[in-house]
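Enquirer: The file below is work_33.cif, mmCIF, N, CA and C atoms:
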```cif
data_start
loop_
_atom_site.label_atom_id
_atom_site.label_comp_id
_atom_site.auth_asym_id
_atom_site.auth_seq_id
_atom_site.Cartn_x
_atom_site.Cartn_y
_atom_site.Cartn_z
N GLU A 2 76.76 120.53 112.82
CA GLU A 2 77.09 119.14 113.05
C GLU A 2 78.60 118.94 112.89
N VAL A 3 79.19 118.33 113.89
CA VAL A 3 80.63 118.04 113.83
C VAL A 3 80.88 116.92 112.83
N GLN A 4 81.77 117.18 111.90
CA GLN A 4 82.14 116.16 110.92
C GLN A 4 83.64 116.18 110.69
N VAL A 5 84.20 115.01 110.45
CA VAL A 5 85.60 114.92 110.05
C VAL A 5 85.70 113.91 108.91
N VAL A 6 86.66 114.17 108.04
CA VAL A 6 86.95 113.24 106.96
C VAL A 6 88.42 112.88 107.08
N GLU A 7 88.67 111.64 107.43
CA GLU A 7 90.03 111.14 107.61
C GLU A 7 90.49 110.44 106.35
N SER A 8 91.76 110.57 106.05
CA SER A 8 92.32 109.93 104.87
C SER A 8 93.80 109.66 105.07
N GLY A 9 94.37 108.89 104.15
CA GLY A 9 95.81 108.67 104.15
C GLY A 9 96.26 107.32 104.65
N GLY A 10 95.34 106.49 105.10
CA GLY A 10 95.74 105.18 105.58
C GLY A 10 96.20 104.28 104.45
N GLY A 11 96.66 103.10 104.81
CA GLY A 11 97.11 102.15 103.80
C GLY A 11 97.93 101.04 104.41
N THR A 12 98.55 100.26 103.53
CA THR A 12 99.39 99.15 103.94
C THR A 12 100.84 99.44 103.54
N VAL A 13 101.73 99.34 104.51
CA VAL A 13 103.14 99.59 104.24
C VAL A 13 103.98 98.51 104.91
N GLN A 14 105.21 98.41 104.49
CA GLN A 14 106.14 97.48 105.12
C GLN A 14 106.74 98.13 106.37
N PRO A 15 107.25 97.32 107.28
CA PRO A 15 107.94 97.90 108.44
C PRO A 15 109.02 98.87 107.99
N GLY A 16 109.10 100.00 108.68
CA GLY A 16 110.03 101.04 108.31
C GLY A 16 109.45 102.07 107.36
N GLY A 17 108.27 101.81 106.85
CA GLY A 17 107.64 102.71 105.90
C GLY A 17 107.00 103.92 106.57
N SER A 18 106.41 104.76 105.73
CA SER A 18 105.81 106.01 106.22
C SER A 18 104.43 106.22 105.61
N LEU A 19 103.61 106.94 106.34
CA LEU A 19 102.29 107.37 105.87
C LEU A 19 102.00 108.73 106.47
N THR A 20 101.12 109.47 105.81
CA THR A 20 100.62 110.72 106.37
C THR A 20 99.11 110.67 106.42
N LEU A 21 98.57 110.81 107.62
CA LEU A 21 97.14 110.83 107.81
C LEU A 21 96.65 112.27 107.84
N SER A 22 95.46 112.50 107.31
CA SER A 22 94.84 113.83 107.33
C SER A 22 93.44 113.73 107.90
N CYS A 23 93.00 114.81 108.49
CA CYS A 23 91.65 114.89 109.05
C CYS A 23 91.13 116.29 108.78
N VAL A 24 90.15 116.39 107.89
CA VAL A 24 89.53 117.67 107.58
C VAL A 24 88.28 117.79 108.42
N ALA A 25 88.21 118.84 109.21
CA ALA A 25 87.13 118.99 110.18
C ALA A 25 86.17 120.11 109.79
N SER A 26 84.92 119.98 110.23
CA SER A 26 83.93 121.03 110.02
C SER A 26 82.87 120.94 111.11
N GLY A 27 82.11 122.02 111.25
CA GLY A 27 81.02 122.01 112.21
C GLY A 27 81.38 122.47 113.61
N PHE A 28 82.61 122.86 113.80
CA PHE A 28 83.03 123.42 115.08
C PHE A 28 84.23 124.34 114.84
N SER A 29 84.61 125.05 115.89
CA SER A 29 85.72 126.00 115.75
C SER A 29 87.04 125.25 115.88
N PHE A 30 87.54 124.78 114.76
CA PHE A 30 88.75 123.97 114.75
C PHE A 30 89.93 124.73 115.37
N ALA A 31 90.07 125.98 115.01
CA ALA A 31 91.25 126.75 115.43
C ALA A 31 91.31 126.98 116.93
N THR A 32 90.22 126.81 117.63
CA THR A 32 90.20 127.02 119.08
C THR A 32 90.04 125.72 119.85
N THR A 33 90.31 124.62 119.19
CA THR A 33 90.10 123.30 119.79
C THR A 33 91.39 122.48 119.79
N THR A 34 91.75 121.96 120.96
CA THR A 34 92.86 121.01 121.02
C THR A 34 92.44 119.74 120.29
N MET A 35 93.32 119.27 119.42
CA MET A 35 93.00 118.11 118.59
C MET A 35 93.96 116.96 118.86
N GLY A 36 93.62 115.79 118.38
CA GLY A 36 94.51 114.66 118.61
C GLY A 36 94.16 113.47 117.73
N TRP A 37 94.92 112.42 117.94
CA TRP A 37 94.69 111.15 117.27
C TRP A 37 94.66 110.04 118.32
N VAL A 38 93.76 109.11 118.10
CA VAL A 38 93.71 107.90 118.90
C VAL A 38 93.70 106.73 117.94
N ARG A 39 93.94 105.53 118.44
CA ARG A 39 93.94 104.36 117.57
C ARG A 39 93.40 103.14 118.31
N GLN A 40 92.96 102.19 117.53
CA GLN A 40 92.44 100.96 118.10
C GLN A 40 92.79 99.79 117.20
N ALA A 41 93.51 98.84 117.75
CA ALA A 41 93.82 97.60 117.05
C ALA A 41 92.73 96.59 117.35
N PRO A 42 92.60 95.56 116.52
CA PRO A 42 91.56 94.56 116.76
C PRO A 42 91.64 93.96 118.16
N GLU A 43 90.49 93.89 118.79
CA GLU A 43 90.36 93.25 120.11
C GLU A 43 91.21 93.94 121.18
N THR A 44 91.45 95.23 120.99
CA THR A 44 92.17 95.99 122.02
C THR A 44 91.38 97.26 122.33
N LYS A 45 91.78 97.91 123.41
CA LYS A 45 91.11 99.15 123.80
C LYS A 45 91.62 100.31 122.96
N LEU A 46 90.79 101.31 122.86
CA LEU A 46 91.19 102.55 122.21
C LEU A 46 92.36 103.15 122.99
N GLU A 47 93.39 103.61 122.26
CA GLU A 47 94.52 104.20 122.96
C GLU A 47 94.89 105.55 122.35
N TRP A 48 95.24 106.45 123.23
CA TRP A 48 95.66 107.78 122.83
C TRP A 48 97.02 107.72 122.13
N VAL A 49 97.16 108.49 121.06
CA VAL A 49 98.42 108.53 120.31
C VAL A 49 99.12 109.87 120.47
N SER A 50 98.39 110.94 120.24
CA SER A 50 99.03 112.26 120.24
C SER A 50 97.99 113.36 120.34
N THR A 51 98.40 114.50 120.88
CA THR A 51 97.56 115.69 120.89
C THR A 51 98.38 116.91 120.51
N ILE A 52 97.67 117.92 120.06
CA ILE A 52 98.31 119.17 119.66
C ILE A 52 97.46 120.32 120.14
N SER A 53 98.12 121.35 120.65
CA SER A 53 97.40 122.51 121.18
C SER A 53 96.75 123.31 120.06
N LYS A 54 95.92 124.24 120.46
CA LYS A 54 95.16 125.05 119.50
C LYS A 54 96.07 125.78 118.51
N ASP A 55 97.18 126.29 119.01
CA ASP A 55 98.07 127.05 118.14
C ASP A 55 99.17 126.19 117.52
N GLY A 56 99.17 124.91 117.83
CA GLY A 56 100.14 123.99 117.26
C GLY A 56 101.50 124.01 117.91
N ARG A 57 101.67 124.79 118.93
CA ARG A 57 102.99 124.93 119.53
C ARG A 57 103.33 123.82 120.51
N THR A 58 102.31 123.19 121.08
CA THR A 58 102.55 122.15 122.06
C THR A 58 102.02 120.82 121.55
N THR A 59 102.88 119.82 121.55
CA THR A 59 102.48 118.49 121.10
C THR A 59 102.86 117.46 122.16
N ASN A 60 102.11 116.40 122.19
CA ASN A 60 102.39 115.31 123.12
C ASN A 60 102.19 113.98 122.40
N TYR A 61 102.98 112.97 122.78
CA TYR A 61 102.93 111.67 122.13
C TYR A 61 103.02 110.56 123.17
N ARG A 62 102.37 109.43 122.83
CA ARG A 62 102.59 108.28 123.68
C ARG A 62 104.03 107.83 123.49
N ASP A 63 104.59 107.18 124.50
CA ASP A 63 106.01 106.83 124.46
C ASP A 63 106.38 105.98 123.25
N SER A 64 105.51 105.07 122.87
CA SER A 64 105.86 104.12 121.81
C SER A 64 105.96 104.76 120.43
N VAL A 65 105.45 105.97 120.26
CA VAL A 65 105.51 106.62 118.95
C VAL A 65 106.39 107.87 118.97
N GLN A 66 106.82 108.26 120.16
CA GLN A 66 107.68 109.44 120.29
C GLN A 66 108.91 109.30 119.40
N GLY A 67 109.18 110.34 118.60
CA GLY A 67 110.33 110.32 117.71
C GLY A 67 110.04 109.71 116.35
N ARG A 68 108.90 109.05 116.21
CA ARG A 68 108.55 108.45 114.92
C ARG A 68 107.34 109.12 114.29
N PHE A 69 106.41 109.58 115.11
CA PHE A 69 105.19 110.24 114.62
C PHE A 69 105.29 111.74 114.87
N THR A 70 104.69 112.51 113.97
CA THR A 70 104.63 113.96 114.14
C THR A 70 103.22 114.45 113.86
N ILE A 71 102.64 115.12 114.85
CA ILE A 71 101.30 115.70 114.70
C ILE A 71 101.45 117.16 114.31
N SER A 72 100.56 117.63 113.45
CA SER A 72 100.58 119.03 113.06
C SER A 72 99.17 119.44 112.65
N ARG A 73 98.99 120.73 112.45
CA ARG A 73 97.67 121.22 112.07
C ARG A 73 97.81 122.46 111.21
N ASP A 74 96.80 122.68 110.38
CA ASP A 74 96.68 123.89 109.58
C ASP A 74 95.32 124.49 109.90
N ASN A 75 95.30 125.49 110.75
CA ASN A 75 94.03 126.06 111.19
C ASN A 75 93.30 126.78 110.05
N ASN A 76 94.03 127.26 109.06
CA ASN A 76 93.39 127.92 107.93
C ASN A 76 92.60 126.93 107.08
N LYS A 77 93.02 125.68 107.12
CA LYS A 77 92.35 124.63 106.35
C LYS A 77 91.53 123.69 107.22
N SER A 78 91.47 123.99 108.52
CA SER A 78 90.76 123.11 109.48
C SER A 78 91.18 121.65 109.30
N THR A 79 92.47 121.45 109.19
CA THR A 79 93.01 120.12 108.91
C THR A 79 94.06 119.73 109.94
N LEU A 80 93.95 118.51 110.39
CA LEU A 80 94.89 117.90 111.31
C LEU A 80 95.66 116.83 110.57
N TYR A 81 96.94 116.70 110.90
CA TYR A 81 97.79 115.72 110.24
C TYR A 81 98.49 114.83 111.27
N LEU A 82 98.88 113.66 110.81
CA LEU A 82 99.75 112.80 111.59
C LEU A 82 100.72 112.13 110.61
N GLN A 83 101.98 112.50 110.74
CA GLN A 83 103.02 111.89 109.92
C GLN A 83 103.56 110.67 110.68
N LEU A 84 103.48 109.52 110.04
CA LEU A 84 103.93 108.28 110.67
C LEU A 84 105.18 107.79 109.95
N ASN A 85 106.30 107.77 110.64
CA ASN A 85 107.55 107.30 110.07
C ASN A 85 108.04 106.07 110.81
N ASP A 86 108.93 105.33 110.16
CA ASP A 86 109.52 104.13 110.77
C ASP A 86 108.43 103.25 111.39
N LEU A 87 107.42 102.97 110.60
CA LEU A 87 106.28 102.22 111.11
C LEU A 87 106.66 100.81 111.52
N LYS A 88 106.03 100.33 112.58
CA LYS A 88 106.27 99.00 113.10
C LYS A 88 104.98 98.19 113.01
N VAL A 89 105.11 96.88 113.04
CA VAL A 89 103.94 96.01 112.96
C VAL A 89 102.93 96.35 114.04
N GLU A 90 103.43 96.71 115.21
CA GLU A 90 102.53 97.02 116.34
C GLU A 90 101.80 98.34 116.18
N ASP A 91 102.12 99.11 115.14
CA ASP A 91 101.37 100.34 114.85
C ASP A 91 100.09 100.04 114.06
N THR A 92 99.92 98.82 113.64
CA THR A 92 98.73 98.44 112.88
C THR A 92 97.47 98.70 113.72
N SER A 93 96.60 99.55 113.21
CA SER A 93 95.40 99.96 113.94
C SER A 93 94.50 100.76 113.01
N VAL A 94 93.30 101.02 113.48
CA VAL A 94 92.47 102.06 112.88
C VAL A 94 92.77 103.34 113.64
N TYR A 95 93.12 104.39 112.90
CA TYR A 95 93.47 105.67 113.50
C TYR A 95 92.29 106.63 113.35
N TYR A 96 91.98 107.32 114.46
CA TYR A 96 90.84 108.23 114.48
C TYR A 96 91.29 109.64 114.87
N CYS A 97 90.72 110.59 114.18
CA CYS A 97 90.86 111.99 114.55
C CYS A 97 89.97 112.24 115.76
N THR A 98 90.44 113.07 116.68
CA THR A 98 89.65 113.31 117.88
C THR A 98 89.92 114.72 118.39
N SER A 99 89.15 115.13 119.41
CA SER A 99 89.33 116.47 119.92
C SER A 99 88.96 116.55 121.40
N ALA A 100 89.36 117.66 122.00
CA ALA A 100 89.02 117.87 123.40
C ALA A 100 87.51 118.05 123.58
N LEU A 101 86.82 118.45 122.51
CA LEU A 101 85.38 118.68 122.61
C LEU A 101 84.62 117.41 122.96
N ASN A 102 85.11 116.27 122.48
CA ASN A 102 84.41 115.01 122.75
C ASN A 102 85.27 114.08 123.58
N LYS A 103 86.11 114.68 124.42
CA LYS A 103 86.92 113.91 125.37
C LYS A 103 87.76 112.86 124.67
N TYR A 104 88.26 113.21 123.51
CA TYR A 104 89.20 112.37 122.77
C TYR A 104 88.63 111.01 122.40
N GLN A 105 87.35 110.99 122.12
CA GLN A 105 86.73 109.81 121.51
C GLN A 105 86.74 110.01 119.99
N PRO A 106 86.67 108.93 119.23
CA PRO A 106 86.70 109.08 117.77
C PRO A 106 85.62 110.00 117.24
N LEU A 107 85.99 110.84 116.29
CA LEU A 107 85.04 111.75 115.67
C LEU A 107 84.48 111.18 114.37
N GLY A 108 85.26 110.35 113.70
CA GLY A 108 84.84 109.85 112.41
C GLY A 108 84.98 108.35 112.30
N GLN A 109 85.06 107.89 111.05
CA GLN A 109 85.11 106.46 110.78
C GLN A 109 86.52 105.89 110.93
N GLY A 110 87.50 106.78 110.90
CA GLY A 110 88.88 106.31 111.05
C GLY A 110 89.49 105.83 109.75
N VAL A 111 90.80 105.65 109.79
CA VAL A 111 91.52 105.12 108.64
C VAL A 111 92.37 103.95 109.09
N GLN A 112 92.41 102.94 108.27
CA GLN A 112 93.17 101.73 108.60
C GLN A 112 94.63 101.92 108.22
N VAL A 113 95.51 101.64 109.17
CA VAL A 113 96.95 101.60 108.91
C VAL A 113 97.40 100.18 109.19
N THR A 114 97.96 99.54 108.17
CA THR A 114 98.44 98.17 108.32
C THR A 114 99.92 98.13 107.99
N VAL A 115 100.70 97.60 108.92
CA VAL A 115 102.14 97.48 108.73
C VAL A 115 102.47 95.99 108.69
N SER A 116 102.92 95.55 107.53
CA SER A 116 103.13 94.12 107.35
C SER A 116 104.23 93.88 106.32
N SER A 117 105.02 92.86 106.57
CA SER A 117 106.06 92.50 105.62
C SER A 117 105.54 91.43 104.66
#
```
Translate this file's structure into structure tokens.

Expert:
Amino acid sequence: EVQVVESGGGTVQPGGSLTLSCVASGFSFATTTMGWVRQAPETKLEWVSTISKDGRTTNYRDSVQGRFTISRDNNKSTLYLQLNDLKVEDTSVYYCTSALNKYQPLGQGVQVTVSS
């Protein structure tokens, strides 16, 4: 059974930072392209970032490019998302996702709230 445990969300002021983690199990993490998606209230799910199986290739939506960094530790089956210089518009529930499920949320997600 595919399972993920996401953590690291919280409330920060604009300009703040957070690190999200996603510990995965039930599938071959090291051979799976992984990513993050997010959804703000009353909006559609939107893609944030993806990372290749070996971690060498990363992609970001334009609005987070240069502020967010995706990474992975295949030995720990863990995916990360470092969020820097957070903006109010980054407020969303962030979900770990993978190519296996066409980048739909795998878990319950973590709330990130950016507010002054």

Enquirer: Find the residues around A:Asp55 up to 10 Å (only C-alpha atoms counted), leave out those fewer than 4 positions away in its own chain, and share them as number ranges by chain.

Expert: A: 31-34, 72-75

Enquirer: With all atoms listed in the file as the basis for distance, which of A:Gln66, A:Ser78, A:Ser117, A:Ser93 is at the shortest distance from A:Val49?

Expert: A:Gln66

Enquirer: Residues picked by the PyMOL selection byres ((chain A and resi 69-71) around 8) here, as number ranges by chain?

Expert: A: 36-37, 50-52, 56, 59-61, 64-68, 72-73, 80-86

Enquirer: Kindly give the distance, in Å, that separates atom CA of A:Glu90 and atom C of A:Gln14, rounded to a single decimal.

Expert: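 If I compute the distance from atom CA of A:Glu90 to atom C of A:Gln14, I get 10.9 Å.
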
Enquirer: Do you know which residues the PyMOL selection byres (((chain A and resi 110 and name CA) around 10) and name CA) returns on this file, as an mmCIF file with N, CA and C atoms, in the coordinates of the input?

Expert:
```cif
data_model
loop_
_atom_site.group_PDB
_atom_site.id
_atom_site.type_symbol
_atom_site.label_atom_id
_atom_site.label_comp_id
_atom_site.auth_asym_id
_atom_site.auth_seq_id
_atom_site.Cartn_x
_atom_site.Cartn_y
_atom_site.Cartn_z
ATOM 1 N N VAL A 5 84.200 115.010 110.450
ATOM 2 C CA VAL A 5 85.600 114.920 110.050
ATOM 3 C C VAL A 5 85.700 113.910 108.910
ATOM 4 N N VAL A 6 86.660 114.170 108.040
ATOM 5 C CA VAL A 6 86.950 113.240 106.960
ATOM 6 C C VAL A 6 88.420 112.880 107.080
ATOM 7 N N GLU A 7 88.670 111.640 107.430
ATOM 8 C CA GLU A 7 90.030 111.140 107.610
ATOM 9 C C GLU A 7 90.490 110.440 106.350
ATOM 10 N N SER A 8 91.760 110.570 106.050
ATOM 11 C CA SER A 8 92.320 109.930 104.870
ATOM 12 C C SER A 8 93.800 109.660 105.070
ATOM 13 N N GLY A 10 95.340 106.490 105.100
ATOM 14 C CA GLY A 10 95.740 105.180 105.580
ATOM 15 C C GLY A 10 96.200 104.280 104.450
ATOM 16 N N LEU A 21 98.570 110.810 107.620
ATOM 17 C CA LEU A 21 97.140 110.830 107.810
ATOM 18 C C LEU A 21 96.650 112.270 107.840
ATOM 19 N N CYS A 23 93.000 114.810 108.490
ATOM 20 C CA CYS A 23 91.650 114.890 109.050
ATOM 21 C C CYS A 23 91.130 116.290 108.780
ATOM 22 N N TRP A 37 94.920 112.420 117.940
ATOM 23 C CA TRP A 37 94.690 111.150 117.270
ATOM 24 C C TRP A 37 94.660 110.040 118.320
ATOM 25 N N VAL A 38 93.760 109.110 118.100
ATOM 26 C CA VAL A 38 93.710 107.900 118.900
ATOM 27 C C VAL A 38 93.700 106.730 117.940
ATOM 28 N N ARG A 39 93.940 105.530 118.440
ATOM 29 C CA ARG A 39 93.940 104.360 117.570
ATOM 30 C C ARG A 39 93.400 103.140 118.310
ATOM 31 N N GLN A 40 92.960 102.190 117.530
ATOM 32 C CA GLN A 40 92.440 100.960 118.100
ATOM 33 C C GLN A 40 92.790 99.790 117.200
ATOM 34 N N SER A 93 96.600 99.550 113.210
ATOM 35 C CA SER A 93 95.400 99.960 113.940
ATOM 36 C C SER A 93 94.500 100.760 113.010
ATOM 37 N N VAL A 94 93.300 101.020 113.480
ATOM 38 C CA VAL A 94 92.470 102.060 112.880
ATOM 39 C C VAL A 94 92.770 103.340 113.640
ATOM 40 N N TYR A 95 93.120 104.390 112.900
ATOM 41 C CA TYR A 95 93.470 105.670 113.500
ATOM 42 C C TYR A 95 92.290 106.630 113.350
ATOM 43 N N TYR A 96 91.980 107.320 114.460
ATOM 44 C CA TYR A 96 90.840 108.230 114.480
ATOM 45 C C TYR A 96 91.290 109.640 114.870
ATOM 46 N N CYS A 97 90.720 110.590 114.180
ATOM 47 C CA CYS A 97 90.860 111.990 114.550
ATOM 48 C C CYS A 97 89.970 112.240 115.760
ATOM 49 N N THR A 98 90.440 113.070 116.680
ATOM 50 C CA THR A 98 89.650 113.310 117.880
ATOM 51 C C THR A 98 89.920 114.720 118.390
ATOM 52 N N PRO A 106 86.670 108.930 119.230
ATOM 53 C CA PRO A 106 86.700 109.080 117.770
ATOM 54 C C PRO A 106 85.620 110.000 117.240
ATOM 55 N N LEU A 107 85.990 110.840 116.290
ATOM 56 C CA LEU A 107 85.040 111.750 115.670
ATOM 57 C C LEU A 107 84.480 111.180 114.370
ATOM 58 N N GLY A 108 85.260 110.350 113.700
ATOM 59 C CA GLY A 108 84.840 109.850 112.410
ATOM 60 C C GLY A 108 84.980 108.350 112.300
ATOM 61 N N GLN A 109 85.060 107.890 111.050
ATOM 62 C CA GLN A 109 85.110 106.460 110.780
ATOM 63 C C GLN A 109 86.520 105.890 110.930
ATOM 64 N N VAL A 111 90.800 105.650 109.790
ATOM 65 C CA VAL A 111 91.520 105.120 108.640
ATOM 66 C C VAL A 111 92.370 103.950 109.090
ATOM 67 N N GLN A 112 92.410 102.940 108.270
ATOM 68 C CA GLN A 112 93.170 101.730 108.600
ATOM 69 C C GLN A 112 94.630 101.920 108.220
ATOM 70 N N VAL A 113 95.510 101.640 109.170
ATOM 71 C CA VAL A 113 96.950 101.600 108.910
ATOM 72 C C VAL A 113 97.400 100.180 109.190
#
```

Enquirer: Work out how far atom CA of A:Phe30 is from atom CA of A:Glu47, in Å to one decimal.

Expert: 22.2 Å

Enquirer: Running DSSP on the backbone, which parts of chain A land in helix (DSSP H, G or I), as an MDAnalysis selection string?

Expert: chainID A and resid 30:32 89:91 100:102

Enquirer: Let's have the selection written as a short mmCIF file (atom, residue, chain, number, x, y, z; two decimals), in the frame of the given file, with N, CA and C atoms.

Expert:
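Once written, again-v7.cif looks like this:
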```cif
data_model
loop_
_atom_site.label_atom_id
_atom_site.label_comp_id
_atom_site.auth_asym_id
_atom_site.auth_seq_id
_atom_site.Cartn_x
_atom_site.Cartn_y
_atom_site.Cartn_z
N PHE A 30 87.54 124.78 114.76
CA PHE A 30 88.75 123.97 114.75
C PHE A 30 89.93 124.73 115.37
N ALA A 31 90.07 125.98 115.01
CA ALA A 31 91.25 126.75 115.43
C ALA A 31 91.31 126.98 116.93
N THR A 32 90.22 126.81 117.63
CA THR A 32 90.20 127.02 119.08
C THR A 32 90.04 125.72 119.85
N VAL A 89 105.11 96.88 113.04
CA VAL A 89 103.94 96.01 112.96
C VAL A 89 102.93 96.35 114.04
N GLU A 90 103.43 96.71 115.21
CA GLU A 90 102.53 97.02 116.34
C GLU A 90 101.80 98.34 116.18
N ASP A 91 102.12 99.11 115.14
CA ASP A 91 101.37 100.34 114.85
C ASP A 91 100.09 100.04 114.06
N ALA A 100 89.36 117.66 122.00
CA ALA A 100 89.02 117.87 123.40
C ALA A 100 87.51 118.05 123.58
N LEU A 101 86.82 118.45 122.51
CA LEU A 101 85.38 118.68 122.61
C LEU A 101 84.62 117.41 122.96
N ASN A 102 85.11 116.27 122.48
CA ASN A 102 84.41 115.01 122.75
C ASN A 102 85.27 114.08 123.58
#
```

Enquirer: For A:Met35, which residue out of A:Ser116, A:Thr20, A:Ser99, A:Thr92 is the nearest one, using only N, CA and C atoms?

Expert: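 Checking each of A:Ser116, A:Thr20, A:Ser99, A:Thr92 against A:Met35, counting only N, CA and C atoms, the winner is A:Ser99.
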
Enquirer: Box time for stretch 77-85 of chain A: axis-aligned, enclosing all its listed atoms, 5 Å extra on each side; report centre and edge lengths in Å to one decimal, as JSON.

Expert:
```
{"center_x": 99.4, "center_y": 115.9, "center_z": 109.0, "size_x": 27.3, "size_y": 29.6, "size_z": 15.2}
```

Enquirer: Tell me, which residues of stretch 68-102 of chain A carry DSSP strand (DSSP E or B), written as a ChimeraX atom specification?

Expert: /A:69-74,79-84,93-99

Enquirer: May I ask for the distance between atom N of A:Tyr104 and atom N of A:Lys77, given in Å to one decimal place?

Expert: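 Pair atom N of A:Tyr104 / atom N of A:Lys77 returns 21.1 Å.
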
Enquirer: Which one is closest to A:Ser22: A:Thr58, A:Thr79, A:Thr114, A:Asn102? Count all atoms listed in the file.

Expert: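 Of all the options, A:Thr79 lies closest to A:Ser22.
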
Enquirer: With distances taken over only N, CA and C atoms, which of A:Thr44, A:Gln105, A:Ser18, A:Ser53 is nearest to A:Leu87?

Expert: A:Ser18

Enquirer: A:Gln4: which residues within 5 Å, counting all atoms listed in the file, same-chain residues fewer than 4 positions away excluded, as a PyMOL selection string?

Expert: chain A and resi 25-27
